[in-house]
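In what follows, a single structure is set out as structure tokens and then discussed.
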Amino acid sequence: MSEQVLSPQGSQRELMEARAGLEASRGSSVLASWRAAVTQRESWRYLLGLGILWMLLGMVVMPAGASFNPGKIYQGSLILLMYLPALCLACTQRGRLWRELWPLPLFRLFLVMLAWATLSLAWAHLRHVGDEFGRLLSVMTFVLAWQLWDSDTEDYVSMLLFIGGIGVALCAGFYCVLFLLQPDSSDRIAGEGTIAATNYAAALMGAVSIWMTQLRLRTRHLSILRWVAIALLLAFVGLTHTRGVWLALGICVVLAPLWQSLRLRRWLMVMAGLLVVLAIAAPLHLLTERGMSLRPQLLEASLQQIAQRPWLGLGQGTPITLWVAGLAYTHSHNLLTQVTLELGLPGLLLTVAMWLMVGWQGWRFRHTMRGRILLGLWIYASVVLQLDMPQLLDSPRPGWILVWLPFSLAIALELRKRAEGRADIIHR
């Protein structure tokens with residue numbers, strides 16, 4: 001029996017074919033693994049979680065446009081990380097997300113609010129109607145993204161809010177150092193980007209300190225890190241001299257024992273004592289020199305404009321000018337009057353109804369971590385929004401943390417209760 005002898009050319013050809021087949025098999029296996037990862041629930045959840053986290057951190061580090069509006073780079077990154085993934089996932093599984101959310105009264109009320117705001121664009125005096133519609137779409141997308149990302153366990157929420165809180169606290173500490181080295185002429189600290197306004201920065205830092213106190217952390221080291229972050233956030237708030245935020249934090253500390261555990265109450269009592277000491281030690285002129293900051297006059301001017309068009313309002317996003325003490329103000333510094341100016345009395349009623357339902361959800365679930373965060377933010381925002389931060393249906397800015405984060409938490413709590421532990425929208 002004769003053996004077949006291969007030529008050198010034949011051996012080389014077979015070797016090349018074998019290598020090509022091996023690389024092809026590797027490529028197909030990598031592609032299959034990538035497809036499997038993309039279709040898995042956790043991969044999408046991590047992407048949405050990254051988008052939500054960046055939405056928070058981008059507010060304090062990214063450059064902003066005119067009137068502290070989010071910059072184009074920041075908005076573009078949110079489109080890739082949060083808006084597009086959320087919209088795509090909301091349309092998958094035969095619209096399961098919509099079918100899960102539709103039975104919720106709060107969500108239906110939210111859709112009615114968006115529909116009314118969209119309809120008001122018909123009589124709004126705007127240069128670019130599409131920009132305002134995009135803002136409405138971004139609000140809806142954030143609410144959907146939170147529901148897609150959230151889970152029936154509290155670990156995801158605690159982890160994301162903890163990382164976000166630490167990031168914001170580091171920025172607060174950095175801004176405090178810069179301010180102490182180079183004080184501003186107004187003697188009030190501010191941040192950069194969307195928090196370049198003192199009141200906006202104080203409101204955001206105060207909100208983050210509220211939820212940081214409520215997180216359930218597993219280790220002592222993380223708990224110590226949490227309280228260091230809270231100290232940095234409160235130091236920033238103190239340097240802003242924003243009395244409305246001081247008042248809101250004080251009310252939260254006073255009311256917190258109604259829903260807190262005994263162990264956390266002791267820490268809150270310590271915080272309350274520190275706030276009292278700071279209030280006593282603060283120079284009196286910080287509380288009196290700015291008077292009422294023209295808030296009563298702004299309210300009167302707003303009511304005069306509301307009386308001219310009480311039912312329809314001026315339309316969502318219509319530029320507003322309020323003349324007070326010879327100065328032109330572009331908003332009323334009050335959420336309720338601002339909503340009424342733009343959306344009329346129907347918009348006001350929808351806003352009040354939604355906000356009361358959010359507060360009720362917080363009280364119902366006060367025994368859970370998410371419920372306590374919701375209730376704390378709701379009380380805090382109920383005070384701050386009456387003195388500043390009037391933007392409701394707007395692009396991402398600190399007002400989102402005060403309004404749409406509590407709203408999303410309220411929706412998530414009710415959704416998980418109805419689903420009885422089967423509320424993961426994205427299946428494995």
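All residue names refer to the structure tokens as shown: chains lettered A, B, ... in order, residues numbered from 1 in each chain, ligands numbered from 1 in order.
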
Practice task
List every residue of region 70-285 of chain A that DSSP, applied to the backbone of this structure, places in alpha helix (DSSP H), and write the result as a PyMOL selection string.
Solution key: chain A and resi 72-78+84-90+96-101+105-120+129-149+155-181+198-214+220-240+243-255+262-281+285

Practice task
For each of A:Glu132, A:Asp388, A:Glu100, A:Asp394, take the minimum atom-to-atom distance to Ser120 (chain A), counting only C-alpha atoms, then give the residue where this is smallest.
Solution key: A:Glu132

Practice task
Record the distance separating CA of Gln361 (chain A) and CA of Leu109 (chain A), expressed in Å with one decimal.
Solution key: 14.4 Å

Practice task
Quick one: everything within 7 Å of region 408-415 of chain A, counting only C-alpha atoms, minus sequence neighbours fewer than 4 positions away in the same chain. Send it as a PyMOL selection string.
Solution key: chain A and resi 107+143+146-147+358+361-362+370+374+404+419+423

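Residue neighbourhood of Thr194 (chain A), excluding near-sequence residues (fewer than 4 positions): Gly58, Met59, Val60, Val61, Met62, Pro63, Ala64, Gly65, Ala66, Ser67, Phe68, Asn69, Pro70, Gly71, Tyr200, Ala201, Pro396, Arg397 and Pro398 of chain A, at 10 Å, using only C-alpha atoms.
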
Exercise for the section: Would you list the contacts of Ala202 (chain A) as a list in words, taking every protein, DNA or RNA residue within 10 Å and counting only C-alpha atoms, but skipping same-chain residues closer than 3 positions in sequence? Expected result: Ala172, Ile189, Ala190, Gly191, Ile195, Ala197, Thr198, Asn199, Met205, Gly206, Ala207, Leu233, Leu234, Phe236, Val237, Gly238, Leu239, Thr240, His241, Thr242, Arg243, Gly244, Val245, Trp246, Val384 and Pro398 of chain A

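You will find CA of Ala145 (chain A) at 5.0 Å from CA of Ala86 (chain A).
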